[in-house]
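Peer 1: PDB, C-alpha atoms, saved as structure.pdb, coming up:
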ATOM      1  CA  MET A  15      -1.148  14.982 -54.650
ATOM      2  CA  HIS A  16      -1.303  14.748 -50.915
ATOM      3  CA  SER A  17      -4.675  15.509 -49.316
ATOM      4  CA  LYS A  18      -5.535  15.692 -45.651
ATOM      5  CA  LEU A  19      -8.093  13.284 -44.283
ATOM      6  CA  ILE A  20     -11.366  14.949 -43.352
ATOM      7  CA  ALA A  21     -12.503  13.569 -40.040
ATOM      8  CA  SER A  22     -16.201  14.017 -40.502
ATOM      9  CA  ALA A  23     -17.991  11.681 -42.870
ATOM     10  CA  ALA A  24     -20.403  14.502 -43.583
ATOM     11  CA  LEU A  25     -17.556  16.679 -44.820
ATOM     12  CA  LEU A  26     -16.190  13.897 -46.985
ATOM     13  CA  GLY A  27     -19.581  13.348 -48.517
ATOM     14  CA  LEU A  28     -19.877  17.034 -49.290
ATOM     15  CA  MET A  29     -16.535  17.142 -51.030
ATOM     16  CA  MET A  30     -17.291  13.999 -53.041
ATOM     17  CA  THR A  31     -20.530  15.399 -54.428
ATOM     18  CA  THR A  32     -20.278  16.469 -58.048
ATOM     19  CA  SER A  33     -21.029  20.147 -58.578
ATOM     20  CA  VAL A  34     -24.542  20.736 -59.853
ATOM     21  CA  PHE A  35     -23.101  23.523 -61.988
ATOM     22  CA  ALA A  36     -20.543  21.401 -63.821
ATOM     23  CA  GLU A  37     -21.893  20.389 -67.170
ATOM     24  CA  GLU A  38     -20.426  17.714 -69.396
ATOM     25  CA  ALA A  39     -18.693  20.280 -71.559
ATOM     26  CA  ALA A  40     -15.522  19.597 -73.499
ATOM     27  CA  VAL A  41     -12.632  21.848 -72.514
ATOM     28  CA  PRO A  42     -10.555  22.804 -75.581
ATOM     29  CA  LYS A  43      -7.119  21.166 -75.737
ATOM     30  CA  GLN A  44      -4.170  23.544 -75.980
ATOM     31  CA  THR A  45      -1.131  23.397 -78.209
ATOM     32  CA  VAL A  46       2.299  24.187 -76.809
ATOM     33  CA  ASN A  47       3.236  27.857 -77.020
ATOM     34  CA  ASP A  48       6.987  27.700 -77.641
ATOM     35  CA  ALA A  49       7.540  31.347 -76.720
ATOM     36  CA  LEU A  50       5.868  30.937 -73.327
ATOM     37  CA  HIS A  51       7.671  27.636 -72.713
ATOM     38  CA  ALA A  52      11.020  29.351 -73.352
ATOM     39  CA  ARG A  53      10.235  31.968 -70.684
ATOM     40  CA  LEU A  54       9.731  29.399 -67.917
ATOM     41  CA  PRO A  55      12.443  29.286 -65.226
ATOM     42  CA  GLU A  56      15.192  26.895 -66.280
ATOM     43  CA  LYS A  57      14.557  24.372 -63.506
ATOM     44  CA  ILE A  58      10.897  24.022 -64.521
ATOM     45  CA  ARG A  59      11.889  23.526 -68.166
ATOM     46  CA  THR A  60      14.483  20.924 -67.153
ATOM     47  CA  ASP A  61      12.157  19.054 -64.797
ATOM     48  CA  GLY A  62       9.239  19.308 -67.204
ATOM     49  CA  LYS A  63       6.869  19.951 -64.318
ATOM     50  CA  MET A  64       5.890  22.306 -61.527
ATOM     51  CA  ILE A  65       3.816  21.947 -58.385
ATOM     52  CA  SER A  66       0.688  23.955 -57.652
ATOM     53  CA  VAL A  67      -0.473  23.955 -54.023
ATOM     54  CA  ASN A  68      -4.091  24.175 -52.868
ATOM     55  CA  ASN A  69      -6.045  23.718 -49.645
ATOM     56  CA  GLY A  70      -8.604  21.412 -51.246
ATOM     57  CA  SER A  71     -11.668  23.211 -50.015
ATOM     58  CA  PHE A  72     -12.672  25.957 -52.406
ATOM     59  CA  PRO A  73     -15.477  24.607 -54.636
ATOM     60  CA  PRO A  74     -16.274  25.054 -57.409
ATOM     61  CA  TYR A  75     -12.680  26.149 -58.040
ATOM     62  CA  GLU A  76     -10.883  23.388 -56.122
ATOM     63  CA  ILE A  77     -12.546  20.097 -55.179
ATOM     64  CA  VAL A  78     -10.403  17.281 -53.789
ATOM     65  CA  THR A  79     -11.802  13.746 -53.889
ATOM     66  CA  GLY A  80      -9.299  11.224 -52.564
ATOM     67  CA  THR A  81      -6.188  12.083 -54.573
ATOM     68  CA  LYS A  82      -7.979  13.752 -57.486
ATOM     69  CA  LEU A  83      -8.410  17.506 -57.933
ATOM     70  CA  THR A  84     -11.326  18.760 -60.003
ATOM     71  CA  GLY A  85     -13.025  22.121 -60.418
ATOM     72  CA  ALA A  86     -12.506  25.262 -62.442
ATOM     73  CA  SER A  87      -8.954  25.781 -61.188
ATOM     74  CA  ALA A  88      -8.027  22.202 -62.053
ATOM     75  CA  ASP A  89      -9.371  22.640 -65.591
ATOM     76  CA  LEU A  90      -7.516  25.922 -66.021
ATOM     77  CA  THR A  91      -4.198  24.591 -64.720
ATOM     78  CA  ASP A  92      -4.552  21.573 -67.026
ATOM     79  CA  ALA A  93      -4.937  23.991 -69.936
ATOM     80  CA  ILE A  94      -1.977  26.092 -68.766
ATOM     81  CA  GLY A  95       0.196  22.984 -68.469
ATOM     82  CA  GLN A  96      -0.708  21.994 -72.025
ATOM     83  CA  MET A  97       0.093  25.490 -73.268
ATOM     84  CA  LEU A  98       3.426  25.638 -71.421
ATOM     85  CA  GLY A  99       4.407  22.084 -72.356
ATOM     86  CA  VAL A 100       4.912  20.956 -68.751
ATOM     87  CA  THR A 101       3.072  18.775 -66.251
ATOM     88  CA  ILE A 102       1.403  20.602 -63.371
ATOM     89  CA  GLU A 103       1.158  18.461 -60.249
ATOM     90  CA  HIS A 104      -1.092  19.341 -57.310
ATOM     91  CA  GLU A 105      -0.481  19.103 -53.578
ATOM     92  CA  THR A 106      -2.894  19.942 -50.781
ATOM     93  CA  VAL A 107      -2.124  21.626 -47.465
ATOM     94  CA  SER A 108      -4.338  22.779 -44.624
ATOM     95  CA  GLY A 109      -5.093  26.492 -44.552
ATOM     96  CA  LEU A 110      -3.913  29.653 -46.260
ATOM     97  CA  THR A 111      -0.967  30.202 -43.910
ATOM     98  CA  ALA A 112       0.564  26.829 -44.781
ATOM     99  CA  LEU A 113      -0.110  27.441 -48.475
ATOM    100  CA  LEU A 114       1.717  30.781 -48.563
ATOM    101  CA  ALA A 115       4.568  29.445 -46.414
ATOM    102  CA  GLY A 116       5.056  26.539 -48.822
ATOM    103  CA  ILE A 117       5.239  28.867 -51.811
ATOM    104  CA  ASN A 118       7.678  31.263 -50.190
ATOM    105  CA  SER A 119       9.925  28.442 -48.977
ATOM    106  CA  GLY A 120      10.229  27.124 -52.533
ATOM    107  CA  ARG A 121       8.488  23.846 -51.828
ATOM    108  CA  TYR A 122       5.780  24.729 -54.363
ATOM    109  CA  GLN A 123       6.165  26.903 -57.446
ATOM    110  CA  PHE A 124       2.752  28.538 -57.207
ATOM    111  CA  ALA A 125      -0.865  28.345 -56.063
ATOM    112  CA  PHE A 126      -3.468  28.907 -58.729
ATOM    113  CA  GLY A 127      -6.156  29.608 -56.163
ATOM    114  CA  PRO A 128      -7.939  31.878 -56.621
ATOM    115  CA  ILE A 129      -6.655  33.593 -53.479
ATOM    116  CA  GLY A 130      -7.654  37.063 -52.292
ATOM    117  CA  ASP A 131      -5.249  39.771 -53.427
ATOM    118  CA  PHE A 132      -4.526  42.599 -50.962
ATOM    119  CA  LYS A 133      -1.671  45.102 -50.786
ATOM    120  CA  THR A 134      -0.439  43.626 -47.494
ATOM    121  CA  ARG A 135      -0.124  40.211 -49.120
ATOM    122  CA  GLU A 136       1.654  41.742 -52.122
ATOM    123  CA  GLU A 137       4.576  42.622 -49.840
ATOM    124  CA  ALA A 138       5.737  38.988 -49.933
ATOM    125  CA  ASN A 139       3.983  37.637 -53.014
ATOM    126  CA  ASP A 140       2.864  38.539 -56.503
ATOM    127  CA  PHE A 141      -0.749  37.883 -57.486
ATOM    128  CA  ILE A 142      -1.876  37.052 -61.001
ATOM    129  CA  ASP A 143      -5.539  37.986 -60.713
ATOM    130  CA  TRP A 144      -8.021  36.136 -62.889
ATOM    131  CA  VAL A 145     -11.415  36.518 -61.127
ATOM    132  CA  GLN A 146     -13.414  39.091 -59.203
ATOM    133  CA  GLU A 147     -15.172  37.952 -56.055
ATOM    134  CA  TYR A 148     -17.732  39.117 -53.502
ATOM    135  CA  VAL A 149     -18.038  38.232 -49.816
ATOM    136  CA  VAL A 150     -21.444  37.211 -48.424
ATOM    137  CA  PHE A 151     -23.065  35.090 -45.727
ATOM    138  CA  SER A 152     -24.329  31.531 -45.829
ATOM    139  CA  VAL A 153     -27.087  31.093 -43.244
ATOM    140  CA  GLN A 154     -29.635  28.498 -42.213
ATOM    141  CA  LYS A 155     -32.753  28.330 -44.373
ATOM    142  CA  GLY A 156     -35.116  31.179 -43.540
ATOM    143  CA  ASN A 157     -32.233  33.148 -41.980
ATOM    144  CA  PRO A 158     -33.574  32.803 -38.400
ATOM    145  CA  LYS A 159     -30.964  35.206 -36.983
ATOM    146  CA  ALA A 160     -31.619  37.802 -39.735
ATOM    147  CA  ILE A 161     -27.933  38.050 -40.646
ATOM    148  CA  ASP A 162     -27.603  40.041 -43.859
ATOM    149  CA  SER A 163     -24.790  42.526 -43.130
ATOM    150  CA  LEU A 164     -21.802  43.124 -40.872
ATOM    151  CA  ASP A 165     -24.002  45.070 -38.466
ATOM    152  CA  SER A 166     -26.510  42.248 -38.141
ATOM    153  CA  ALA A 167     -23.639  39.792 -37.536
ATOM    154  CA  CYS A 168     -23.165  41.435 -34.133
ATOM    155  CA  GLY A 169     -24.061  39.133 -31.258
ATOM    156  CA  ASN A 170     -24.011  36.060 -33.507
ATOM    157  CA  ARG A 171     -21.628  33.164 -34.101
ATOM    158  CA  ILE A 172     -19.845  33.673 -37.423
ATOM    159  CA  ALA A 173     -17.687  31.000 -39.041
ATOM    160  CA  VAL A 174     -14.757  32.089 -41.230
ATOM    161  CA  MET A 175     -11.682  30.639 -42.903
ATOM    162  CA  ALA A 176      -8.644  30.985 -40.645
ATOM    163  CA  GLY A 177      -6.136  33.504 -41.993
ATOM    164  CA  GLY A 178      -8.466  34.784 -44.702
ATOM    165  CA  SER A 179      -9.555  38.340 -45.401
ATOM    166  CA  ALA A 180     -13.114  37.671 -44.202
ATOM    167  CA  GLU A 181     -11.741  36.678 -40.796
ATOM    168  CA  LYS A 182      -9.951  40.028 -40.451
ATOM    169  CA  VAL A 183     -13.044  41.982 -41.496
ATOM    170  CA  ILE A 184     -15.417  40.253 -39.094
ATOM    171  CA  GLN A 185     -12.912  40.457 -36.227
ATOM    172  CA  ALA A 186     -12.690  44.222 -36.723
ATOM    173  CA  GLN A 187     -16.463  44.732 -36.741
ATOM    174  CA  LYS A 188     -17.573  47.360 -34.228
ATOM    175  CA  CYS A 189     -20.930  46.667 -32.590
ATOM    176  CA  LYS A 190     -22.418  49.725 -30.918
ATOM    177  CA  ALA A 191     -26.012  49.815 -32.096
ATOM    178  CA  GLY A 192     -28.489  47.991 -29.887
ATOM    179  CA  GLY A 193     -25.877  47.162 -27.304
ATOM    180  CA  LYS A 194     -25.006  43.876 -29.008
ATOM    181  CA  PRO A 195     -21.567  42.328 -28.449
ATOM    182  CA  ALA A 196     -19.069  41.752 -31.221
ATOM    183  CA  PRO A 197     -19.569  38.619 -33.333
ATOM    184  CA  GLU A 198     -18.275  35.384 -31.868
ATOM    185  CA  VAL A 199     -15.752  34.445 -34.546
ATOM    186  CA  GLN A 200     -15.195  30.746 -35.226
ATOM    187  CA  SER A 201     -12.111  30.179 -37.399
ATOM    188  CA  TYR A 202     -11.760  26.958 -39.399
ATOM    189  CA  THR A 203      -8.943  25.693 -41.609
ATOM    190  CA  ASP A 204     -11.189  24.719 -44.515
ATOM    191  CA  GLN A 205     -14.475  25.557 -46.201
ATOM    192  CA  PRO A 206     -16.272  22.234 -45.489
ATOM    193  CA  SER A 207     -15.686  22.527 -41.737
ATOM    194  CA  SER A 208     -17.013  26.077 -41.802
ATOM    195  CA  ILE A 209     -20.159  25.196 -43.717
ATOM    196  CA  LEU A 210     -20.770  22.141 -41.536
ATOM    197  CA  ALA A 211     -20.709  24.409 -38.478
ATOM    198  CA  VAL A 212     -23.688  26.293 -39.932
ATOM    199  CA  ARG A 213     -25.530  23.152 -41.017
ATOM    200  CA  SER A 214     -25.123  21.661 -37.521
ATOM    201  CA  LYS A 215     -26.157  24.991 -35.936
ATOM    202  CA  ARG A 216     -22.861  25.433 -34.097
ATOM    203  CA  ALA A 217     -22.487  28.683 -36.056
ATOM    204  CA  ASP A 218     -25.193  31.098 -37.191
ATOM    205  CA  ALA A 219     -23.514  32.039 -40.470
ATOM    206  CA  PHE A 220     -20.432  31.460 -42.597
ATOM    207  CA  PHE A 221     -18.859  34.660 -43.981
ATOM    208  CA  SER A 222     -16.858  33.903 -47.110
ATOM    209  CA  SER A 223     -16.528  34.211 -50.882
ATOM    210  CA  GLN A 224     -19.751  34.072 -52.862
ATOM    211  CA  ALA A 225     -18.622  31.515 -55.474
ATOM    212  CA  PRO A 226     -17.889  28.637 -53.062
ATOM    213  CA  LEU A 227     -20.834  29.529 -50.845
ATOM    214  CA  THR A 228     -23.149  29.279 -53.834
ATOM    215  CA  TYR A 229     -21.766  25.793 -54.422
ATOM    216  CA  PHE A 230     -22.187  24.716 -50.792
ATOM    217  CA  VAL A 231     -25.732  26.058 -50.604
ATOM    218  CA  SER A 232     -26.600  24.045 -53.705
ATOM    219  CA  GLN A 233     -25.335  20.883 -51.994
ATOM    220  CA  ALA A 234     -27.088  21.448 -48.640
ATOM    221  CA  ASN A 235     -30.463  19.827 -49.419
ATOM    222  CA  GLY A 236     -32.343  23.066 -48.791
ATOM    223  CA  GLN A 237     -30.804  23.645 -45.349
ATOM    224  CA  LEU A 238     -28.926  26.817 -46.295
ATOM    225  CA  GLU A 239     -29.320  30.053 -48.237
ATOM    226  CA  LEU A 240     -27.192  33.061 -49.165
ATOM    227  CA  SER A 241     -27.593  36.426 -47.479
ATOM    228  CA  GLY A 242     -25.996  39.844 -47.867
ATOM    229  CA  VAL A 243     -25.656  39.426 -51.636
ATOM    230  CA  GLY A 244     -25.058  42.661 -53.543
ATOM    231  CA  GLN A 245     -23.605  44.534 -50.555
ATOM    232  CA  LYS A 246     -20.049  45.686 -49.885
ATOM    233  CA  ASN A 247     -19.838  43.770 -46.584
ATOM    234  CA  GLY A 248     -16.601  45.503 -45.633
ATOM    235  CA  PHE A 249     -14.881  45.100 -49.006
ATOM    236  CA  ASP A 250     -14.311  47.223 -52.068
ATOM    237  CA  ASP A 251     -13.446  45.600 -55.397
ATOM    238  CA  LEU A 252     -12.032  42.192 -54.541
ATOM    239  CA  TYR A 253      -9.721  40.432 -56.959
ATOM    240  CA  GLN A 254      -8.424  36.907 -56.574
ATOM    241  CA  GLY A 255      -5.776  34.994 -58.430
ATOM    242  CA  ALA A 256      -2.715  32.802 -58.570
ATOM    243  CA  VAL A 257       0.189  33.400 -56.192
ATOM    244  CA  VAL A 258       3.969  33.191 -56.711
ATOM    245  CA  PRO A 259       6.914  34.417 -54.605
ATOM    246  CA  LYS A 260       7.606  38.137 -54.924
ATOM    247  CA  GLY A 261       9.438  38.879 -58.140
ATOM    248  CA  SER A 262       9.238  35.316 -59.448
ATOM    249  CA  PRO A 263       9.762  35.122 -63.241
ATOM    250  CA  LEU A 264       6.932  32.573 -63.274
ATOM    251  CA  GLY A 265       4.385  35.332 -62.541
ATOM    252  CA  PRO A 266       4.529  37.064 -65.970
ATOM    253  CA  VAL A 267       4.445  33.651 -67.696
ATOM    254  CA  LEU A 268       1.264  32.688 -65.852
ATOM    255  CA  LEU A 269      -0.210  36.116 -66.613
ATOM    256  CA  ASP A 270       0.355  35.727 -70.348
ATOM    257  CA  SER A 271      -0.861  32.117 -70.265
ATOM    258  CA  ILE A 272      -4.155  33.206 -68.722
ATOM    259  CA  LYS A 273      -4.424  36.020 -71.279
ATOM    260  CA  ALA A 274      -4.007  33.457 -74.047
ATOM    261  CA  LEU A 275      -6.739  31.255 -72.528
ATOM    262  CA  MET A 276      -9.030  34.267 -72.398
ATOM    263  CA  ASP A 277      -8.274  35.193 -76.004
ATOM    264  CA  ASN A 278      -8.961  31.699 -77.353
ATOM    265  CA  GLY A 279     -12.178  31.211 -75.373
ATOM    266  CA  THR A 280     -10.949  28.465 -73.029
ATOM    267  CA  TYR A 281     -11.219  30.621 -69.903
ATOM    268  CA  ALA A 282     -14.854  31.483 -70.620
ATOM    269  CA  ALA A 283     -15.712  27.866 -71.450
ATOM    270  CA  ILE A 284     -14.290  26.617 -68.147
ATOM    271  CA  MET A 285     -15.816  29.376 -66.027
ATOM    272  CA  LYS A 286     -19.245  28.786 -67.564
ATOM    273  CA  LYS A 287     -18.885  25.033 -67.102
ATOM    274  CA  TRP A 288     -18.614  25.608 -63.343
ATOM    275  CA  GLY A 289     -21.292  28.317 -63.039
ATOM    276  CA  LEU A 290     -18.788  31.133 -62.519
ATOM    277  CA  GLU A 291     -19.917  33.586 -65.200
ATOM    278  CA  ASN A 292     -20.443  36.348 -62.622
ATOM    279  CA  ASN A 293     -16.828  36.081 -61.443
ATOM    280  CA  MET A 294     -15.169  36.452 -64.852
ATOM    281  CA  ILE A 295     -12.950  39.420 -65.698
ATOM    282  CA  LYS A 296     -12.016  40.650 -69.185
ATOM    283  CA  GLN A 297      -8.244  40.584 -68.679
ATOM    284  CA  PRO A 298      -6.015  39.190 -65.930
ATOM    285  CA  GLY A 299      -3.734  41.565 -64.091
ATOM    286  CA  LEU A 300      -0.720  41.615 -61.821
ATOM    287  CA  ASN A 301      -1.321  42.779 -58.244
ATOM    288  CA  LEU A 302      -4.707  44.411 -58.791
ATOM    289  CA  GLY A 303      -5.650  44.105 -55.125
ATOM    290  CA  GLY A 304      -6.631  46.967 -52.881
ATOM    291  CA  ASN A 305      -6.251  47.491 -49.176
ATOM    292  CA  LEU A 306      -7.732  45.046 -46.721
ATOM    293  CA  PRO A 307     -10.520  46.794 -44.810
ATOM    294  CA  LYS A 308      -9.459  47.892 -41.337
TER     295      LYS A 308
END
What would you get if you wrote out this structure as structure tokens?
Peer 2:
Amino acid sequence: MHSKLIASAALLGLMMTTSVFAEEAAVPKQTVNDALHARLPEKIRTDGKMISVNNGSFPPYEIVTGTKLTGASADLTDAIGQMLGVTIEHETVSGLTALLAGINSGRYQFAFGPIGDFKTREEANDFIDWVQEYVVFSVQKGNPKAIDSLDSACGNRIAVMAGGSAEKVIQAQKCKAGGKPAPEVQSYTDQPSSILAVRSKRADAFFSSQAPLTYFVSQANGQLELSGVGQKNGFDDLYQGAVVPKGSPLGPVLLDSIKALMDNGTYAAIMKKWGLENNMIKQPGLNLGGNLPK
């Protein structure tokens, strides 16, 4: 797996910290499902492997330390590889745009993510959704700028992931009340850079998915807290999942593999291991996403 060097030692230290949620829990080993293996594209069966791409900055789903990937997504892809009877290798790129481009060019077979599923993204890709997510703010302890909604983000510096759905929502925010200007949007290629901007007070808040923000807050030595929890924050139901090229025969195979992991209890065991109980769904689905807020 190729991972990009993180320039800041503070970011590297953050990524190398073991999640406080991850318990020493055994993940059940899977036996090969011959029927699912037979449905894999011929090249994958012949090669005996496939490549999953990630951006290495989505704890507690994806945590890259040196050349090693850990996290809930790593555990789940390990289980899927065992079930399909193939090796799943991991490569890291910088940012969502590069990730999607790599999948659609055929360089990588899929991204397990989870990545936000929206109808606009479904035009070029299929999503195999396996979690539900919420979008909230990470702010400095005590929330000195009182940022707890899109309206209160007006006039403040808001960090986001470049190319993500949260970036589009905050960029579209209209700020009329109180005469405040629109938020100053700071776009970063990865989660650690975004959270560091808040910790160093270069940004007033980071607007992103609740699961990774909960992780980062837990690692911030009391410097940060969550805000805007339990609100829509510009989104309706938000599903996230794995991504394959549009119409790829790998999509239905991944869908049924995740269903099997849900049925045998492995999915729940892994999600609970990483503190993700509130993001679990009962069944995975294909292209469950709605429209990206305007």
Peer 1: Apply the PyMOL selection byres ((chain A and resi 40-48) around 10) to the structure shown and report the selected residues as number ranges by chain.
Peer 2: A: 37-39, 49-53, 89-90, 92-100, 271, 274-275, 278-281, 283-284, 287
Peer 1: Any chance you could work out the residue set of the PyMOL selection byres ((chain A and resi 110) around 12) here, as JSON, numbers by chain?
Peer 2: {"A": [67, 68, 69, 70, 71, 72, 106, 107, 108, 109, 111, 112, 113, 114, 115, 116, 117, 125, 127, 128, 129, 130, 135, 175, 176, 177, 178, 179, 181, 202, 203, 204, 205, 257]}
Peer 1: One number please: CA of Asn157 (chain A) to CA of Pro73 (chain A), in Å, one decimal.
Peer 2: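 Separation of CA of Asn157 (chain A) and CA of Pro73 (chain A): 22.7 Å.
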Peer 1: If you measure from CA of Trp144 (chain A) to CA of Trp288 (chain A), what distance in Å do you get, rounded to one decimal?
Peer 2: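 Here the two named atoms are 14.9 Å from each other.
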Peer 1: Would you mind telling me which residue in A:Gly299, A:Lys57, A:Lys194, A:Lys133 lies nearest to Gly255 (chain A) when using all atoms listed in the file?
Peer 2: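 Nearest candidate to Gly255 (chain A) out of A:Gly299, A:Lys57, A:Lys194, A:Lys133: A:Gly299.
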Peer 1: Quick one: residues within 7 Å of Val258 (chain A), all atoms listed in the file counted, chain neighbours fewer than 4 positions away excluded, as a PyMOL selection string?
Peer 2: chain A and resi 117+123-125+139-141+262+265
Peer 1: Decode the PyMOL selection byres ((chain A and resi 183) around 9) for the given file into explicit residues and return them as a list in words.
Peer 2: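 That expression, the PyMOL selection byres ((chain A and resi 183) around 9), corresponds here to Leu164, Ser179, Ala180, Glu181, Lys182, Ile184, Gln185, Ala186, Gln187, Asn247, Gly248, Phe249, Leu306, Pro307 and Lys308 of chain A.
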Peer 1: For a quick check of understanding, using only C-alpha atoms, which of A:Asp218, A:Glu56, A:Glu147, A:Asp165 has the smallest distance to Gly193 (chain A)?
Peer 2: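 For Gly193 (chain A), the nearest of the candidates is A:Asp165.
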Peer 1: Identify, on the basis of only C-alpha atoms, every residue whose closest approach to region 223-228 of chain A does not exceed 9 Å; exclude the query and any residue fewer than 6 positions from it along the same chain; express the result as a compact mmCIF listing (two decimals) with C-alpha atoms, in the coordinates of the input.
Peer 2:
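Ended up saving to selection-v2.txt:
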# COMPACT_ATOMS: atom_id res chain seq x y z
CA SER A 71 -11.67 23.21 -50.02
CA PHE A 72 -12.67 25.96 -52.41
CA PRO A 73 -15.48 24.61 -54.64
CA PRO A 74 -16.27 25.05 -57.41
CA TYR A 75 -12.68 26.15 -58.04
CA GLU A 147 -15.17 37.95 -56.06
CA TYR A 148 -17.73 39.12 -53.50
CA VAL A 149 -18.04 38.23 -49.82
CA VAL A 150 -21.44 37.21 -48.42
CA PHE A 151 -23.06 35.09 -45.73
CA SER A 152 -24.33 31.53 -45.83
CA ALA A 180 -13.11 37.67 -44.20
CA GLN A 205 -14.48 25.56 -46.20
CA ILE A 209 -20.16 25.20 -43.72
CA GLU A 239 -29.32 30.05 -48.24
CA LEU A 240 -27.19 33.06 -49.16
CA VAL A 243 -25.66 39.43 -51.64
CA GLY A 289 -21.29 28.32 -63.04
CA LEU A 290 -18.79 31.13 -62.52
CA ASN A 292 -20.44 36.35 -62.62
CA ASN A 293 -16.83 36.08 -61.44
Peer 1: Between A:Lys188, A:Lys260, A:Lys82, A:Lys159, single out the one closest to Glu136 (chain A), counting all atoms listed in the file.
Peer 2: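 Among A:Lys188, A:Lys260, A:Lys82, A:Lys159, it is A:Lys260 that comes nearest to Glu136 (chain A).
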